[in-house]
6 protein chains.
Amino acid sequence: MFLPKKILEERLLRILAEDLGQGDVTSALIASEGEFAEASVIAKESGIAGGIEESKILLESLGLEAKQETVDGRNFQKNQTIMKICGDPRIILSSERTVLNIISRMSGITTKTAAMVGKLRKAKLKTKVACTRKAAPGLLYFDKKAVVLGGGDTHRLHLDDMILIKNNHITVAGGIKQAVERAKEYASFSRKIEVEVTSVKEALTAASLGVDVIMFDNFRAEEVEKAVQSVRKSGFDRVILEASGGITSENLLSFASTGVDVVSLGELTAHVRGLDVSLKIVKIDNLKKK
Amino acid sequence: MFLPKKILEERLLRILAEDLGQGDVTSALIASEGEFAEASVIAKESGIAGGIEESKILLESLGLEAKQETVDGRNFQKNQTIMKICGDPRIILSSERTVLNIISRMSGITTKTAAMVGKLRKAKLKTKVACTRKAAPGLLYFDKKAVVLGGGDTHRLHLDDMILIKNNHITVAGGIKQAVERAKEYASFSRKIEVEVTSVKEALTAASLGVDVIMFDNFRAEEVEKAVQSVRKSGFDRVILEASGGITSENLLSFASTGVDVVSLGELTAHVRGLDVSLKIVKIDNLKKK
Amino acid sequence: MFLPKKILEERLLRILAEDLGQGDVTSALIASEGEFAEASVIAKESGIAGGIEESKILLESLGLEAKQETVDGRNFQKNQTIMKICGDPRIILSSERTVLNIISRMSGITTKTAAMVGKLRKAKLKTKVACTRKAAPGLLYFDKKAVVLGGGDTHRLHLDDMILIKNNHITVAGGIKQAVERAKEYASFSRKIEVEVTSVKEALTAASLGVDVIMFDNFRAEEVEKAVQSVRKSGFDRVILEASGGITSENLLSFASTGVDVVSLGELTAHVRGLDVSLKIVKIDNLKKK
Amino acid sequence: MFLPKKILEERLLRILAEDLGQGDVTSALIASEGEFAEASVIAKESGIAGGIEESKILLESLGLEAKQETVDGRNFQKNQTIMKICGDPRIILSSERTVLNIISRMSGITTKTAAMVGKLRKAKLKTKVACTRKAAPGLLYFDKKAVVLGGGDTHRLHLDDMILIKNNHITVAGGIKQAVERAKEYASFSRKIEVEVTSVKEALTAASLGVDVIMFDNFRAEEVEKAVQSVRKSGFDRVILEASGGITSENLLSFASTGVDVVSLGELTAHVRGLDVSLKIVKIDNLKKK
Amino acid sequence: MFLPKKILEERLLRILAEDLGQGDVTSALIASEGEFAEASVIAKESGIAGGIEESKILLESLGLEAKQETVDGRNFQKNQTIMKICGDPRIILSSERTVLNIISRMSGITTKTAAMVGKLRKAKLKTKVACTRKAAPGLLYFDKKAVVLGGGDTHRLHLDDMILIKNNHITVAGGIKQAVERAKEYASFSRKIEVEVTSVKEALTAASLGVDVIMFDNFRAEEVEKAVQSVRKSGFDRVILEASGGITSENLLSFASTGVDVVSLGELTAHVRGLDVSLKIVKIDNLKKK
Amino acid sequence: MFLPKKILEERLLRILAEDLGQGDVTSALIASEGEFAEASVIAKESGIAGGIEESKILLESLGLEAKQETVDGRNFQKNQTIMKICGDPRIILSSERTVLNIISRMSGITTKTAAMVGKLRKAKLKTKVACTRKAAPGLLYFDKKAVVLGGGDTHRLHLDDMILIKNNHITVAGGIKQAVERAKEYASFSRKIEVEVTSVKEALTAASLGVDVIMFDNFRAEEVEKAVQSVRKSGFDRVILEASGGITSENLLSFASTGVDVVSLGELTAHVRGLDVSLKIVKIDNLKKK
């Protein structure tokens, strides 16, 4: 999930531009050309960093100096300075909220993901924790990158990278067999094929058709366990098994201990509590007066 | 906060385009030209609708027929159908997640806002409930529109529509007096001037300088109450008073009953729990076979 | 009205791109890689500078060195060099016309605005001189910034920053009372409300409804004077009063001396006489030959 | 100069988007969904129409019905209705200023151009009246189209459509001969070559090198006359002769009667007086109430 | 590989816009408003259709009626009409070349791909024929869609849909083992992992590490055959085997008969011979004269 | 045909962005921050360079160091290094294919054009070799620039730079005379007028109407020769004569020796064989480990 700075920069500037509109009317009045400020981005609660790289790219593209005091994916404590910024105070103030919104949301997702992954690892489970495409509109890239920083799995990045046959596709195709057969025949060899199933019977059908991944959709944890056993007992050793639907931080362990390879949770990116971060101007100089 | 369809359409298509990438590889394999489907968007939990208008605009721009079964701002119940969609199943399936993400996030914000406003109205308080600019990156328009649908106040839409002098501005200007005087002298007559204060003394200074709005930033509720009384007793009847910082659904009433005109909460748009909505294909026809 | 360089750069490059099309066919033939030129931007008539900052941003983004010999908002004389540019002559020649068009239009607006403001200040009047939204299509930002440089007031930057109820809105609402009441009830507390009135009676209605600004639209100067007196005598001390419609440089003083706080003129941005500026290559070197 | 509607639409929507920002806050409050309005665009002074086609394209793309009551290039009288618009009043009010700005500027240019062309035709002169690239930044297309509607010549549309060797190019090339020879050797056969000259001698040099057009730059009218005679007497019958620089509506005839084929004037697009046009809501209905 | 019309339309209009620049100066002069034309797109040589859908989308978005006389992927003969177009002749003429370029290139790719696939099927081989990312710059979508229409496999659509470890990646990682292990550990479960190998030994290493696809890069056909046998004999039944590098229409069969599952050829999209298609106006009417 | 770097950069980044999608998933896994690589772009066959400048601009905009080892338009040999690149290996690997595709296509066109021009010069013919607008969709700029690098003529860059009356235009106008007369009357003096003719008679008509260029469309070589003689004998010395349609590398000389000034060939840009170029990582360092 690597994008060169220049490409990310363009996406970040578009986000900033929405906030700027015809320009920051307050900063224009308060500060004037030739001033120089130093600012700190401070965590107001502990968590795991996300969005530091994106913020640095945005700030540097605006002509500011941005020094990261931590690294994406690493813990920070309450009141810790996570970034220092120097330059024209008008630009710092105009981009402050955009930068904080990026760090806040991404760190919120990273922290939540890491907590879930940590819970499984502590229970000695290797199950992958994946997000879904239930992200904020237009923020698939940023939301999924934050999941990766927290140790999670991106699942599909968007609609072009995997064949994922869901219930509605099965309805359209006229059955799971028809759907999978069409996919097997026409899909590129370069892609995996995953199927969403609603019963053990469908799971076995899918496995026998040679799909790469089977998703147990909206099964209860104990149903997932039985389904996993049925599939494995039937000799389908290599098919990847995923549980999805209704999984939350509360019931995560029960689903993860069913033997599935992956648990996926919409809430990682759809129920987001942005971390509290703030920016403080710590020094101000008028270069012209000197 | 009115944007013509055509302008919204462009923003919505850009959101969809991120999810599509080089195209939906699954739908392309499963459905084929000449098919026709009907689908329902169903609420999986009760709430207040947001994003219905945006979804309709997006779906219609894609050539689908979209009939809204409820109206933005209105209650819906669990399992209620909130929208019906007809047309090419490949387009329905390709836009499904984008549409659901929009409705889910916006309805989540609308529902939360309406709950807060409702709590105040029930307590016979007229205090306005405003959001801030702590939105998801790039989603200021959609997040703030959802707040309006829930009966909330948008506060600033972005950086160009009001002079809002925050702590950092005061630091840069060298004091609250200097900051407000610069703003009074240079700001357009068409804009209000608001100042963030951290003490009663600052509030009185700001009021005497003739600002339009004073924001008590990170005061405890009882401190807000005292500050309101000081300002009003000093004869500043017309200045609008806002409390902000640390206000949550839990302590909302205590802040709102201090006599302030506005309470503003970052969490309305920064801690969002997307409502659970899903799309179901309910009918499928092959036009060519007929 | 502050936009970071990077955001302005994007708008300026789009303007340049229109002029370039598939490229400057003349400069490509005449100059070749490895040449170095120095050029001067020269005022062919006196005026007040506008567009210098924008030109510098554009030129530097193209890889040229641009040194401003004056500052936006300052006077320049006929034949004065206002900017020096160094670098690849092909880039200088390709961007010459775009740079001159920006400086010419913006300086034209700045100069005209400053003349009007100067006339009022000389008559010891503090009345603000505001422009309107009657700008060249797509140039609201640049036109309004030029007005500010000349000491004028931007009025609304665009449609999202103030409630301005005009005649057509009143027609749609069914009356001035209905219109203002809807606005008072639903508008965000962060915005001012202005109403356009066509009679003293309407002005008094608007004032009693608590609007922030009243615009006397297409009144003759003596009518404005009477209206101002009526409003003030009725005790409405704080409402801002604006005269608009039919005001020109000729009758400016008569309107400004009526007691209004603001006079606004469409002609500031709709009747623009670009100042005459030119660019001259003053030195040319072939780096490769050395 | 033909662009399909769909391409123009995109340019026009971008212009509208600047004015809309996050949306028209006034119209959103005043009008509501389900209303229907009729409006007239009325000329407040006489002139020749420009921008009617562009306005119609923009309005229709927004979902409004737009009926033109005149045609671009035709005369209209004071108080004449030049366009009728029907539809959602919120959309009419949100696009009103953009539409009026387009018609105002383009009609201003068309009217001025037609007056100049008319003056020459009345004097039985066939001299072409051309504009230059001294347009408002980013408005080359619209400004030049308005010139065409007034009977003028576009000259270059932008930098890619003709070889025009100006003084600065000659400086860079090291002389008029070197410049023209390079152009003759390397320019595509599909393009004309024009040279700006500052003396009769240079004109004869250019003519003998076989350029297609010679521009007499900043000559006085009597100098142009002599130069024309010298070139023609020397047997250069086919080269097109253009006078440019310092030509205004006042001295137009003296330049045009020198025998040149073309006179070009920066002021056609750089000194623009927008015509006064306004929009009036003439009827309003609430469809839902019926 | 499905994109809704509206999304494709945007890509197609951007292609057209490059050709239009400031507008089609010829069509503007020749045709005038109110005319109506019918045109046929005619194949000047036989082939297999590609780009018909894209052309139809573009033409309809421009307001023309476009009727396809064949379907993408189907054979057409020399002189066959493949599309009929009706509407404003200025729009037909302005978009003619863009439409022909799209059909010509895509049909060229489709025809070439189909010929190769046909050759293999005739020899009773089931080997897939895949293209690579060696497409014309910016045309990955269109080039790969044309390959699919000819019965080929898209391989990766772009860089985000599969892990493909090439020689350079192995150099960076420090060895094939390190590279694959990193990929196995960090890649999403949703993606296949392919490795490029340069020897049988590397192939066996890759297979034993559990990759999904092995690419024999720049092997001679007989080397491929031996490598396939080694891998299969070693019990790696499920790994997909691909031959790539130096494969052309001439030696295709020898590579395809080695037992590999996929042969991939850069030349499908990098050596393109556009099919000869032309557009002829067959009828012209002046609606106004009637 | 000169575009400043910054403008080209934007076009090049858009091409790269298509390939990147949500990011390069392979390079992200293999390389990590803090590594440094050196790479060489190597020609796998001899040819004439094109696209070196574009590649350098793209690579530098991404933050890489790019040193060109040859110059556009110059010969290179098989196995010659034509460019060296240093920097973050993730960025090198993510942009590798885009850079190679640009160099491959442009060098392919440059090499082919140079071969044709060379053949004519060797035969002592001065005939210009021009391309047409039969380019890859959206690549007019790059394809035509490559033709220029090979010594060819661009012909029209797009639709706005010359009046070219083709058969379809003549059909619409109702005859060659009508078409040319309309063009002569309404076209700007700044543009040449070319007409496509299908017989000697039409050629003479066009010449007598004073067009600048006559194109013999789909004439056999001997017919072209007769037509040239007819036109010249009739005293039309200055009209430029072009042969087009059915000209290939095989019959090029026969057409070029007919006396025409220009031969134009669609195949220069429509039948492109991309040259074989590759990129090799030659050194890799981990900066952090040092």
# chains A, B, ... in the order shown; residues from 1 in each chain; ligands from 1
$ closest_atom_pairs --of "chain E" --to "chain C" --cutoff "12 Å" --atoms "only C-alpha atoms" --output "tab-separated table"
residue	atom	partner	partner_atom	distance
E:Ala17	CA	C:Gly21	CA	10.6
E:Glu18	CA	C:Gln22	CA	8.3
E:Asp19	CA	C:Gln22	CA	9.5
E:Leu20	CA	C:Gly21	CA	9.8
E:Gly21	CA	C:Gly21	CA	6.3
E:Gln22	CA	C:Gly21	CA	8.0
E:Gly23	CA	C:Gly21	CA	11.1
$ residues_around --residues "stretch 63-71 of chain D" --least-positions-apart "2" --cutoff "7 Å" --atoms "only C-alpha atoms" --output "VMD selection string"
chain D and resid 49 52 56 59 to 61 73 to 74 81 to 87
$ closest_residue --among "B:Pro4, B:Gly259, B:Gly138, B:Gly108" --to "B:Ile57" --atoms "only C-alpha atoms"
B:Pro4
$ select_by_dssp --residues "stretch 30-141 of chain A" --states "strand (DSSP E)" --output "mmCIF file with N, CA, C and O atoms, in the first residue's frame"
data_model
loop_
_atom_site.group_PDB
_atom_site.id
_atom_site.type_symbol
_atom_site.label_atom_id
_atom_site.label_comp_id
_atom_site.auth_asym_id
_atom_site.auth_seq_id
_atom_site.Cartn_x
_atom_site.Cartn_y
_atom_site.Cartn_z
ATOM 1 N N GLU A 35 6.467 36.692 9.369
ATOM 2 C CA GLU A 35 6.505 36.142 10.719
ATOM 3 C C GLU A 35 6.886 34.661 10.665
ATOM 4 O O GLU A 35 6.739 33.997 9.637
ATOM 5 N N PHE A 36 7.358 34.176 11.786
ATOM 6 C CA PHE A 36 7.848 32.807 11.862
ATOM 7 C C PHE A 36 7.364 32.205 13.176
ATOM 8 O O PHE A 36 7.477 32.826 14.226
ATOM 9 N N ALA A 37 6.811 31.008 13.107
ATOM 10 C CA ALA A 37 6.295 30.394 14.325
ATOM 11 C C ALA A 37 6.776 28.965 14.461
ATOM 12 O O ALA A 37 7.134 28.309 13.479
ATOM 13 N N GLU A 38 6.778 28.510 15.702
ATOM 14 C CA GLU A 38 7.018 27.098 15.977
ATOM 15 C C GLU A 38 5.793 26.550 16.675
ATOM 16 O O GLU A 38 5.211 27.199 17.538
ATOM 17 N N ALA A 39 5.406 25.341 16.303
ATOM 18 C CA ALA A 39 4.210 24.755 16.895
ATOM 19 C C ALA A 39 4.459 23.293 17.218
ATOM 20 O O ALA A 39 5.302 22.646 16.605
ATOM 21 N N SER A 40 3.739 22.806 18.201
ATOM 22 C CA SER A 40 3.816 21.390 18.566
ATOM 23 C C SER A 40 2.460 20.741 18.388
ATOM 24 O O SER A 40 1.444 21.324 18.766
ATOM 25 N N VAL A 41 2.468 19.538 17.845
ATOM 26 C CA VAL A 41 1.251 18.731 17.831
ATOM 27 C C VAL A 41 1.336 17.813 19.037
ATOM 28 O O VAL A 41 2.307 17.059 19.188
ATOM 29 N N ILE A 42 0.336 17.904 19.883
ATOM 30 C CA ILE A 42 0.386 17.213 21.177
ATOM 31 C C ILE A 42 -0.777 16.240 21.298
ATOM 32 O O ILE A 42 -1.919 16.568 20.979
ATOM 33 N N ALA A 43 -0.453 15.024 21.769
ATOM 34 C CA ALA A 43 -1.512 14.040 22.015
ATOM 35 C C ALA A 43 -2.177 14.373 23.338
ATOM 36 O O ALA A 43 -1.496 14.580 24.337
ATOM 37 N N GLY A 47 -2.200 6.564 22.740
ATOM 38 C CA GLY A 47 -2.693 5.796 21.603
ATOM 39 C C GLY A 47 -1.545 5.336 20.738
ATOM 40 O O GLY A 47 -0.384 5.377 21.146
ATOM 41 N N ILE A 48 -1.880 4.950 19.522
ATOM 42 C CA ILE A 48 -0.862 4.491 18.581
ATOM 43 C C ILE A 48 -0.966 5.367 17.348
ATOM 44 O O ILE A 48 -2.061 5.597 16.824
ATOM 45 N N GLU A 65 8.358 23.410 7.737
ATOM 46 C CA GLU A 65 9.265 22.367 8.192
ATOM 47 C C GLU A 65 8.485 21.505 9.177
ATOM 48 O O GLU A 65 7.846 22.035 10.086
ATOM 49 N N ALA A 66 8.507 20.204 8.984
ATOM 50 C CA ALA A 66 7.734 19.333 9.867
ATOM 51 C C ALA A 66 8.629 18.202 10.348
ATOM 52 O O ALA A 66 9.158 17.450 9.536
ATOM 53 N N LYS A 67 8.768 18.116 11.654
ATOM 54 C CA LYS A 67 9.657 17.087 12.216
ATOM 55 C C LYS A 67 8.809 16.131 13.034
ATOM 56 O O LYS A 67 8.129 16.535 13.970
ATOM 57 N N GLN A 68 8.832 14.860 12.652
ATOM 58 C CA GLN A 68 7.999 13.932 13.400
ATOM 59 C C GLN A 68 8.718 13.462 14.653
ATOM 60 O O GLN A 68 9.882 13.089 14.625
ATOM 61 N N ASN A 75 3.480 3.603 19.831
ATOM 62 C CA ASN A 75 2.698 4.160 20.953
ATOM 63 C C ASN A 75 3.080 5.595 21.257
ATOM 64 O O ASN A 75 4.257 5.941 21.178
ATOM 65 N N PHE A 76 2.114 6.392 21.658
ATOM 66 C CA PHE A 76 2.450 7.684 22.260
ATOM 67 C C PHE A 76 1.620 7.838 23.544
ATOM 68 O O PHE A 76 0.592 7.182 23.713
ATOM 69 N N THR A 81 4.507 15.210 22.747
ATOM 70 C CA THR A 81 4.576 15.940 21.481
ATOM 71 C C THR A 81 4.861 14.938 20.376
ATOM 72 O O THR A 81 5.833 14.186 20.446
ATOM 73 N N ILE A 82 4.014 14.914 19.361
ATOM 74 C CA ILE A 82 4.224 13.909 18.322
ATOM 75 C C ILE A 82 4.746 14.515 17.030
ATOM 76 O O ILE A 82 5.185 13.801 16.144
ATOM 77 N N MET A 83 4.746 15.829 16.942
ATOM 78 C CA MET A 83 5.252 16.473 15.739
ATOM 79 C C MET A 83 5.576 17.931 16.055
ATOM 80 O O MET A 83 4.886 18.561 16.856
ATOM 81 N N LYS A 84 6.647 18.434 15.453
ATOM 82 C CA LYS A 84 6.974 19.855 15.584
ATOM 83 C C LYS A 84 6.943 20.503 14.206
ATOM 84 O O LYS A 84 7.416 19.916 13.238
ATOM 85 N N ILE A 85 6.405 21.707 14.169
ATOM 86 C CA ILE A 85 6.201 22.377 12.882
ATOM 87 C C ILE A 85 6.758 23.792 12.964
ATOM 88 O O ILE A 85 6.533 24.488 13.953
ATOM 89 N N CYS A 86 7.488 24.204 11.942
ATOM 90 C CA CYS A 86 8.028 25.566 11.908
ATOM 91 C C CYS A 86 7.694 26.249 10.590
ATOM 92 O O CYS A 86 7.723 25.611 9.539
ATOM 93 N N GLY A 87 7.470 27.570 10.665
ATOM 94 C CA GLY A 87 7.293 28.329 9.428
ATOM 95 C C GLY A 87 6.292 29.451 9.575
ATOM 96 O O GLY A 87 5.979 29.890 10.690
ATOM 97 N N LYS A 128 -5.963 -13.416 11.627
ATOM 98 C CA LYS A 128 -5.803 -12.055 11.101
ATOM 99 C C LYS A 128 -7.044 -11.221 11.413
ATOM 100 O O LYS A 128 -8.166 -11.735 11.369
ATOM 101 N N VAL A 129 -6.819 -9.949 11.703
ATOM 102 C CA VAL A 129 -7.930 -9.026 11.950
ATOM 103 C C VAL A 129 -8.025 -8.105 10.739
ATOM 104 O O VAL A 129 -7.127 -7.302 10.493
ATOM 105 N N ALA A 130 -9.092 -8.257 9.977
ATOM 106 C CA ALA A 130 -9.203 -7.474 8.746
ATOM 107 C C ALA A 130 -10.319 -6.457 8.846
ATOM 108 O O ALA A 130 -11.306 -6.658 9.552
#
$ residues_around --residues "C:Val231" --least-positions-apart "6" --cutoff "10 Å" --atoms "only C-alpha atoms" --output "list in words"
Val200, Lys201, Ala203, Leu204, Thr205, Ala206, Ala207, Ser208, Ile214, Asp237, Val239 and Leu241 of chain C
$ write_last_selection --atoms "C-alpha atoms" --output "mmCIF file, in the first residue's frame"
data_model
loop_
_atom_site.group_PDB
_atom_site.id
_atom_site.type_symbol
_atom_site.label_atom_id
_atom_site.label_comp_id
_atom_site.auth_asym_id
_atom_site.auth_seq_id
_atom_site.Cartn_x
_atom_site.Cartn_y
_atom_site.Cartn_z
ATOM 1 C CA VAL C 200 -37.775 53.114 4.427
ATOM 2 C CA LYS C 201 -40.678 51.062 5.679
ATOM 3 C CA ALA C 203 -35.781 49.076 6.360
ATOM 4 C CA LEU C 204 -37.573 49.644 9.638
ATOM 5 C CA THR C 205 -39.208 46.224 9.429
ATOM 6 C CA ALA C 206 -35.839 44.596 8.850
ATOM 7 C CA ALA C 207 -34.238 46.513 11.672
ATOM 8 C CA SER C 208 -36.962 45.571 14.099
ATOM 9 C CA ILE C 214 -29.562 46.554 5.831
ATOM 10 C CA ASP C 237 -27.962 51.990 16.546
ATOM 11 C CA VAL C 239 -27.466 47.678 12.509
ATOM 12 C CA LEU C 241 -26.271 50.297 6.836
#
$ residues_around --residues "F:Ser104" --least-positions-apart "6" --cutoff "7 Å" --atoms "only C-alpha atoms" --output "count of residues only"
4
$ atom_distance --atom1 "atom CA of C:Met215" --atom2 "atom CA of C:Ile247"
13.0 Å
$ residues_around --residues "stretch 90-102 of chain A" --least-positions-apart "6" --cutoff "7 Å" --atoms "only C-alpha atoms" --output "ChimeraX atom specification"
/A:16,24,27-28,31,51,55,277-279 /B:134-137 /C:4
$ write_last_selection --atoms "N, CA and C atoms" --output "short mmCIF file (atom, residue, chain, number, x, y, z; two decimals), in the first residue's frame"
data_model
loop_
_atom_site.label_atom_id
_atom_site.label_comp_id
_atom_site.auth_asym_id
_atom_site.auth_seq_id
_atom_site.Cartn_x
_atom_site.Cartn_y
_atom_site.Cartn_z
N LEU A 16 -7.37 19.64 2.16
CA LEU A 16 -7.13 20.98 2.73
C LEU A 16 -7.94 22.04 1.99
N ASP A 24 -8.34 31.44 4.49
CA ASP A 24 -8.54 31.53 5.94
C ASP A 24 -8.63 33.02 6.30
N SER A 27 -6.68 33.95 9.92
CA SER A 27 -5.22 33.99 9.93
C SER A 27 -4.69 35.15 9.09
N ALA A 28 -5.39 35.47 8.03
CA ALA A 28 -4.96 36.59 7.19
C ALA A 28 -4.96 37.90 7.97
N ALA A 31 -2.04 37.31 11.46
CA ALA A 31 -0.61 37.23 11.21
C ALA A 31 -0.29 37.96 9.92
N GLY A 51 -1.20 8.59 10.55
CA GLY A 51 -1.36 9.89 9.90
C GLY A 51 -0.18 10.83 10.06
N SER A 55 0.61 13.80 7.42
CA SER A 55 0.69 15.18 7.88
C SER A 55 1.99 15.83 7.46
N VAL A 277 -6.12 15.17 19.68
CA VAL A 277 -4.80 15.77 19.47
C VAL A 277 -4.97 17.27 19.27
N SER A 278 -3.99 18.03 19.67
CA SER A 278 -4.12 19.47 19.47
C SER A 278 -2.81 20.08 19.01
N LEU A 279 -2.88 21.30 18.54
CA LEU A 279 -1.69 21.99 18.06
C LEU A 279 -1.53 23.27 18.87
N LYS B 134 -14.11 19.44 13.40
CA LYS B 134 -13.45 18.14 13.63
C LYS B 134 -14.17 17.03 12.88
N ALA B 135 -14.14 17.10 11.57
CA ALA B 135 -14.85 16.13 10.74
C ALA B 135 -13.87 15.12 10.16
N ALA B 136 -14.38 14.13 9.46
CA ALA B 136 -13.49 13.24 8.73
C ALA B 136 -12.83 14.05 7.61
N PRO B 137 -11.55 13.79 7.35
CA PRO B 137 -10.84 14.59 6.34
C PRO B 137 -11.58 14.62 5.00
N PRO C 4 -2.58 29.40 1.23
CA PRO C 4 -1.17 29.02 1.11
C PRO C 4 -0.74 28.97 -0.35
#
$ residues_around --residues "E:Asn168" --least-positions-apart "2" --cutoff "8 Å" --atoms "only C-alpha atoms" --output "ChimeraX atom specification"
/E:165-166,170-172 /F:93,280-281
